[in-house]
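**Q** This is the structure I want to talk about, given as structure tokens.
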Amino acid sequence: MDNFDVWRSRPLDVHTWSDYPEINAAIDGVFNALTDDQKSIIEGKSRNKGKSSGRKHLKVLLLDLYVAWRTDPDLCLGVSRGNGSYSVNSRYNGLYISSRIRDIIDVLADAGFLDTAGGSFHRDGTAGRNRTSRVKATPKLVEVFSRLSFEPYEFDLHHKQECIIRTADKTNEDYKSVKKREEYEDTAETNRMRAHLEDYNAFLAETYIDLPQLVDPFITREKKDGSLQHIPVGQNNKFVRRIFSRSSWCLNGRFYGGWWQQIEKGLRKDIVINNVPTVEVDYKGLHVALLSAKRGIGPKPGDRYVLKQHLLLNFTPEEQRNLLKLLVLTAINAKDEKSAYKAFRQDQPNGSREKRLKDNELSQLLSAFIDENPHLSSDLCSDKGIALMFLDSQITEGILTTFMNARKPVLPVHDSYIVETFDVDLLNTVMAKVSGELTGFDLSSEQSTLGYNDVLRMSKYDRDRYLDTYSEVLSIKDKTPQYEERLLRFMKYRSKNYNNTYWMGP
């Protein structure tokens with residue numbers, strides 16, 4: 001029955017796996033509590049040519065319900081009941097989970113282990129939001145879970161999960177464009193990319209990444225439609241994928257995933273890696289710089305988005321600068337001017353002054369930018385963004401490779417990178433080197449906070465400021481006891497099970 005928040009959810013993950021004896025015993029306990037008829041439904045003949053038994057379906061479902069419950073006791077799972085959602089021969093379904101999962105859900109619900117809520121679909125979009133079916137552990141199942149003491153990261157949360165994804169643009173039943181994952185044949189290059197990303201994900205699994213001010217390991221943010229999204233923060237949400245678009249290996253290819261990409265920029269400054277403060281370093285106007293580099297023009301001194309004219313009189317010059325930056329970035333990804341202006345307004349908060357800007361005002365602003373950057377005139381509003389994403393993904397791959405080889409952590413956020421405060425100089429050097437190799441220019445980078453070496457250099461010319469800043473840069477503010485406990489648990493787990501975690505002593 002529907003007695004929980006159906007919007008506090010995430011999709012069912014069919015790649016969660018564990019072979020711990022205690023886990024298997026708990027799952028056997030659930031199975032043995034079923035009636036003979038219910039057991040026979042689960043153990044019935046496989047519908048996917050023996051690739052995955054009913055007991056395996058039961059285990060995958062219960063494991064992911066446990067992970068959801070440990071992450072957030074109020075979290076439920078979204079489960080599609082359509083046959084097309086479970087292709088057992090797909091590379092995106094490494095555990096061969098089939099539509100049989102629906103029978104497992106129904107059995108567990110009948111046995112009192114699951115609460116369920118049916119899905120909803122409103123074709124005209126006016127009656128409410130669409131959603132898949134939802135499932136959530138009942139107190140009866142939570143009682144089973146409460147006897148287990150495993151952290152979710154002690155499981156294999158991405159067992160046989162594909163990390164190189166290619167999508168195609170399709171049309172759904174509403175005649176709206178959607179991106180669908182598509183199958184592909186492996187090549188030497190896809191195998192190389194996969195091996196590289198598997199190495200990176202393995203390195204992230206060793207790395208402790210957290211927000212120390214959090215009591216509970218998740219944050220809540222409001223989505224554009226007004227709904228709330230709950231994002232797990234910590235060691236259970238670090239898996240990174242590369243996603244290519246439009247059925248092409250030369251479009252997009254960016255690195256996605258990892259909770260640090262899912263939170264607001266203002267929160268990212270508080271991220272700690274291995275209990276060390278971090279700094280985020282950005283490429284300055286990366287896509288504009290990449291387009292300029294293709295024209296043989298290097299980085300421009302000053303700020304490209306500060307115009308000589310103050311055109312939007314209802315906005316301050318600084319507000320105009322920020323609006324222009326967003327407009328240019330939108331135009332790089334748009335197919336024409338009209339769609340650029342529409343997309344720009346869609347990104348603005350409801351009721352805001354920015355939302356009310358007319359096409360002619362935005363056109364005047366964009367034209368002024370082109371007048372000062374004429375080499376970009378043919379690149380704006382011509383759908384160049386997705387090809388530029390491939391180029392910046394190559395830059396990211398080079399940066400990740402260098403840092404992995406040095407056994408140092410780095411977190412990508414598309415055109416910026418987060419590193420421990422001690423590694424800012426290395427990051428700036430690598431960003432310049434990799435961008436220079438790929439574009440012919442050492443693209444400029446910037447950071448909003450000081451790194452450790454920045455503070456040391458300060459000591460040579462401003463001793464008082466150096467002393468004031470030193471502890472500020474190296475201290476972690478507002479650590480909660482819950483953060484300290486999470487860190488200690490992770491360190492104990494790594495020490496007990498792995499004797500070569502790179503950032504921990506023997």
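To be explicit about the labels: the chains of the structure tokens are called A, B, and onward in the order shown, and within each one the residues are counted from 1, while ligands get numbers from 1 in the order they are shown.
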Can you list every residue in segment 213-267 of chain A that DSSP puts in strand (DSSP E), as number ranges by chain?
**A** A: 218-222, 228-232, 240-244, 252-257
**Q** Using the selection just defined, write its residues with C-alpha atoms as a PDB file, in the first residue's frame.
**A**
```pdb
ATOM      1  CA  PHE A 218      22.731  12.714   2.144  1.00  0.00           C
ATOM      2  CA  ILE A 219      21.587  16.171   1.102  1.00  0.00           C
ATOM      3  CA  THR A 220      18.230  17.385  -0.153  1.00  0.00           C
ATOM      4  CA  ARG A 221      17.828  19.761  -3.064  1.00  0.00           C
ATOM      5  CA  GLU A 222      14.858  21.163  -4.933  1.00  0.00           C
ATOM      6  CA  LEU A 228      12.790  17.341  -3.651  1.00  0.00           C
ATOM      7  CA  GLN A 229      15.713  15.126  -4.551  1.00  0.00           C
ATOM      8  CA  HIS A 230      17.745  13.285  -1.928  1.00  0.00           C
ATOM      9  CA  ILE A 231      21.346  12.703  -2.944  1.00  0.00           C
ATOM     10  CA  PRO A 232      23.444  10.115  -1.066  1.00  0.00           C
ATOM     11  CA  VAL A 240      31.755   7.184 -12.599  1.00  0.00           C
ATOM     12  CA  ARG A 241      30.631   6.466 -16.182  1.00  0.00           C
ATOM     13  CA  ARG A 242      31.483   7.884 -19.592  1.00  0.00           C
ATOM     14  CA  ILE A 243      28.401   8.670 -21.667  1.00  0.00           C
ATOM     15  CA  PHE A 244      28.557   9.185 -25.416  1.00  0.00           C
ATOM     16  CA  ASN A 252      29.924  13.914 -25.564  1.00  0.00           C
ATOM     17  CA  GLY A 253      31.967  11.217 -23.798  1.00  0.00           C
ATOM     18  CA  ARG A 254      32.036  13.176 -20.551  1.00  0.00           C
ATOM     19  CA  PHE A 255      32.576  11.558 -17.163  1.00  0.00           C
ATOM     20  CA  TYR A 256      29.324  11.439 -15.185  1.00  0.00           C
ATOM     21  CA  GLY A 257      28.402  10.151 -11.754  1.00  0.00           C
TER      22      GLY A 257
END
```
**Q** Might you pull out every residue within 12 Å of Asp468 of chain A, with only C-alpha atoms counted and same-chain residues fewer than 6 positions away left off, and present them as a count of residues only?
**A** 7
**Q** Between A:Pro412, A:Gly351, A:Gly258, A:Pro217, which has the minimum distance to Asp282 of chain A (counting only C-alpha atoms)?
**A**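 Nearest candidate to Asp282 of chain A out of A:Pro412, A:Gly351, A:Gly258, A:Pro217: A:Pro412.
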**Q** I'd like to know which residues of segment 144-258 of chain A are helix (DSSP H, G or I) (by DSSP, run on the backbone); could you write them as a PyMOL selection string?
**A** chain A and resi 144-145+152-154+188-206
**Q** Selection from above, C-alpha atoms, as a tab-separated table (two decimals), in the first residue's frame, can you write it?
**A**
```tsv
chain	number	residue	atom	x	y	z
A	144	VAL	CA	15.82	-8.53	9.17
A	145	PHE	CA	18.05	-5.71	7.96
A	152	PRO	CA	26.79	-0.56	1.74
A	153	TYR	CA	30.33	0.05	0.44
A	154	GLU	CA	31.26	-3.38	1.82
A	188	ALA	CA	39.99	-1.81	-29.06
A	189	GLU	CA	39.14	1.80	-28.12
A	190	THR	CA	36.02	0.97	-26.08
A	191	ASN	CA	37.97	-1.75	-24.28
A	192	ARG	CA	40.76	0.74	-23.55
A	193	MET	CA	38.32	3.36	-22.22
A	194	ARG	CA	36.57	0.76	-20.07
A	195	ALA	CA	39.83	-0.52	-18.57
A	196	HIS	CA	40.88	3.06	-17.81
A	197	LEU	CA	37.58	3.88	-16.12
A	198	GLU	CA	37.51	0.61	-14.18
A	199	ASP	CA	40.95	1.50	-12.80
A	200	TYR	CA	39.68	4.95	-11.84
A	201	ASN	CA	36.56	3.58	-10.14
A	202	ALA	CA	38.71	1.09	-8.22
A	203	PHE	CA	40.88	3.99	-7.08
A	204	LEU	CA	37.79	5.93	-5.96
A	205	ALA	CA	36.66	2.88	-3.97
A	206	GLU	CA	39.81	3.29	-1.84
```
**Q** Write out as number ranges by chain the residues lying within 9 Å of segment 33-47 of chain A, counting only C-alpha atoms and excluding same-chain residues fewer than 4 positions away.
**A** A: 28-29, 51-55, 57-58, 98-100, 103-104, 107-108, 110-111
**Q** So how many Å separate atom CA of Lys59 of chain A and atom CA of Asp74 of chain A, to one decimal?
**A**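 Result for atom CA of Lys59 of chain A versus atom CA of Asp74 of chain A: 20.9 Å, one decimal.
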**Q** Please list as a PDB file with all heavy atoms, in the first residue's frame every residue within 7 Å of segment 337-347 of chain A, counting only C-alpha atoms and excluding residues in the same chain fewer than 6 positions away.
**A**
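Final output, part29.pdb:
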```pdb
ATOM      1  N   LEU A 327      24.240  32.853 -21.342  1.00  0.00           N
ATOM      2  CA  LEU A 327      23.666  32.929 -22.676  1.00  0.00           C
ATOM      3  C   LEU A 327      24.625  32.359 -23.720  1.00  0.00           C
ATOM      4  O   LEU A 327      24.218  31.617 -24.624  1.00  0.00           O
ATOM      5  CB  LEU A 327      23.327  34.385 -23.010  1.00  0.00           C
ATOM      6  CG  LEU A 327      22.748  34.652 -24.407  1.00  0.00           C
ATOM      7  CD1 LEU A 327      21.462  33.870 -24.617  1.00  0.00           C
ATOM      8  CD2 LEU A 327      22.519  36.151 -24.601  1.00  0.00           C
ATOM      9  N   THR A 330      24.754  28.640 -23.430  1.00  0.00           N
ATOM     10  CA  THR A 330      23.515  28.085 -23.977  1.00  0.00           C
ATOM     11  C   THR A 330      23.546  28.112 -25.494  1.00  0.00           C
ATOM     12  O   THR A 330      23.140  27.155 -26.155  1.00  0.00           O
ATOM     13  CB  THR A 330      22.302  28.876 -23.456  1.00  0.00           C
ATOM     14  OG1 THR A 330      22.306  28.864 -22.027  1.00  0.00           O
ATOM     15  CG2 THR A 330      20.996  28.271 -23.964  1.00  0.00           C
ATOM     16  N   ALA A 331      24.048  29.211 -26.065  1.00  0.00           N
ATOM     17  CA  ALA A 331      24.102  29.352 -27.524  1.00  0.00           C
ATOM     18  C   ALA A 331      25.049  28.334 -28.155  1.00  0.00           C
ATOM     19  O   ALA A 331      24.810  27.858 -29.270  1.00  0.00           O
ATOM     20  CB  ALA A 331      24.526  30.772 -27.897  1.00  0.00           C
ATOM     21  N   GLU A 354      15.294  37.713 -14.978  1.00  0.00           N
ATOM     22  CA  GLU A 354      15.957  37.003 -16.074  1.00  0.00           C
ATOM     23  C   GLU A 354      14.953  36.220 -16.923  1.00  0.00           C
ATOM     24  O   GLU A 354      15.092  36.135 -18.141  1.00  0.00           O
ATOM     25  CB  GLU A 354      17.010  36.040 -15.498  1.00  0.00           C
ATOM     26  CG  GLU A 354      18.172  36.717 -14.807  1.00  0.00           C
ATOM     27  CD  GLU A 354      17.885  37.051 -13.346  1.00  0.00           C
ATOM     28  OE1 GLU A 354      16.710  36.922 -12.926  1.00  0.00           O
ATOM     29  OE2 GLU A 354      18.827  37.445 -12.637  1.00  0.00           O
ATOM     30  N   LYS A 355      13.945  35.684 -16.270  1.00  0.00           N
ATOM     31  CA  LYS A 355      12.927  34.899 -16.971  1.00  0.00           C
ATOM     32  C   LYS A 355      12.134  35.778 -17.945  1.00  0.00           C
ATOM     33  O   LYS A 355      11.620  35.283 -18.959  1.00  0.00           O
ATOM     34  CB  LYS A 355      11.975  34.278 -15.950  1.00  0.00           C
ATOM     35  CG  LYS A 355      11.043  33.202 -16.490  1.00  0.00           C
ATOM     36  CD  LYS A 355      11.695  31.849 -16.383  1.00  0.00           C
ATOM     37  CE  LYS A 355      10.718  30.720 -16.634  1.00  0.00           C
ATOM     38  NZ  LYS A 355      11.414  29.399 -16.601  1.00  0.00           N
ATOM     39  N   ASP A 359      13.443  38.151 -26.508  1.00  0.00           N
ATOM     40  CA  ASP A 359      14.389  37.691 -27.526  1.00  0.00           C
ATOM     41  C   ASP A 359      15.265  38.840 -28.030  1.00  0.00           C
ATOM     42  O   ASP A 359      16.465  38.672 -28.234  1.00  0.00           O
ATOM     43  CB  ASP A 359      13.647  37.063 -28.716  1.00  0.00           C
ATOM     44  CG  ASP A 359      13.171  35.654 -28.425  1.00  0.00           C
ATOM     45  OD1 ASP A 359      13.318  35.209 -27.270  1.00  0.00           O
ATOM     46  OD2 ASP A 359      12.656  34.992 -29.348  1.00  0.00           O
ATOM     47  N   LEU A 362      18.033  39.622 -25.529  1.00  0.00           N
ATOM     48  CA  LEU A 362      19.062  38.585 -25.528  1.00  0.00           C
ATOM     49  C   LEU A 362      19.868  38.634 -26.824  1.00  0.00           C
ATOM     50  O   LEU A 362      21.087  38.419 -26.813  1.00  0.00           O
ATOM     51  CB  LEU A 362      18.423  37.206 -25.336  1.00  0.00           C
ATOM     52  CG  LEU A 362      17.716  36.986 -23.988  1.00  0.00           C
ATOM     53  CD1 LEU A 362      17.000  35.641 -23.970  1.00  0.00           C
ATOM     54  CD2 LEU A 362      18.712  37.069 -22.839  1.00  0.00           C
ATOM     55  N   CYS A 381      25.119  29.099 -31.712  1.00  0.00           N
ATOM     56  CA  CYS A 381      23.810  28.659 -32.238  1.00  0.00           C
ATOM     57  C   CYS A 381      23.989  27.721 -33.436  1.00  0.00           C
ATOM     58  O   CYS A 381      23.245  27.806 -34.419  1.00  0.00           O
ATOM     59  CB  CYS A 381      22.955  29.864 -32.620  1.00  0.00           C
ATOM     60  SG  CYS A 381      22.666  31.017 -31.250  1.00  0.00           S
TER      61      CYS A 381
END
```
**Q** Please report the interatomic distance between atom CA of Val430 of chain A and atom CA of Leu286 of chain A in Å with one decimal.
**A** 15.3 Å
**Q** Go through A:Leu391, A:Val14, A:Leu380, A:Val410 and flag the residue nearest Thr278 of chain A, using only C-alpha atoms for the distances.
**A**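 Using only C-alpha atoms, the shortest distance to Thr278 of chain A belongs to A:Val410.
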**Q** In Å, with one decimal, what is the gap from atom CA of Ser120 of chain A to atom CA of Thr132 of chain A?
**A**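 Atom CA of Ser120 of chain A sits 6.6 Å away from atom CA of Thr132 of chain A.
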**Q** Can you pull out every residue within 12 Å of Phe315 of chain A, counting only C-alpha atoms, but drop anything in the same chain fewer than 3 positions away, and send it as a PyMOL selection string?
**A** chain A and resi 310-312+318-324+352-354+357
**Q** Could you check which of A:Leu148, A:Thr401, A:Tyr305, A:Ser90 is closest to Pro317 of chain A, using only C-alpha atoms?
**A**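 Of the candidates, the smallest distance to Pro317 of chain A is held by A:Tyr305.
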**Q** Measuring atom to atom with only C-alpha atoms, identify which of A:Asn314, A:Thr439, A:Asn373, A:Ser149 is nearest to Glu361 of chain A.
**A** A:Asn314
**Q** May I ask which of the residues A:Asp454, A:Asp210, A:Asp392, A:Glu183 is the closest one to Ser416 of chain A, counting only C-alpha atoms?
**A**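 The answer is A:Asp392, which sits nearest to Ser416 of chain A.
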**Q** For Arg407 of chain A, which of A:Leu65, A:Ser448, A:Asp423, A:Tyr502 is the closest residue, counting only C-alpha atoms?
**A**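 Among A:Leu65, A:Ser448, A:Asp423, A:Tyr502, it is A:Tyr502 that comes nearest to Arg407 of chain A.
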**Q** Residues within 7 Å of Pro299 of chain A, please, as JSON, numbers by chain. Count only C-alpha atoms; anything in the same chain fewer than 2 positions from it doesn't count.
**A** {"A": [289, 297, 301, 443, 444]}
**Q** I'd like the contact shell of Tyr208 of chain A - 12 Å cut-off, only C-alpha atoms, skipping same-chain residues fewer than 2 positions apart - returned as a PyMOL selection string.
**A** chain A and resi 153+203-206+210-212+233-238+271-277+409-411+420+483-484+486-491+493-494+501-504
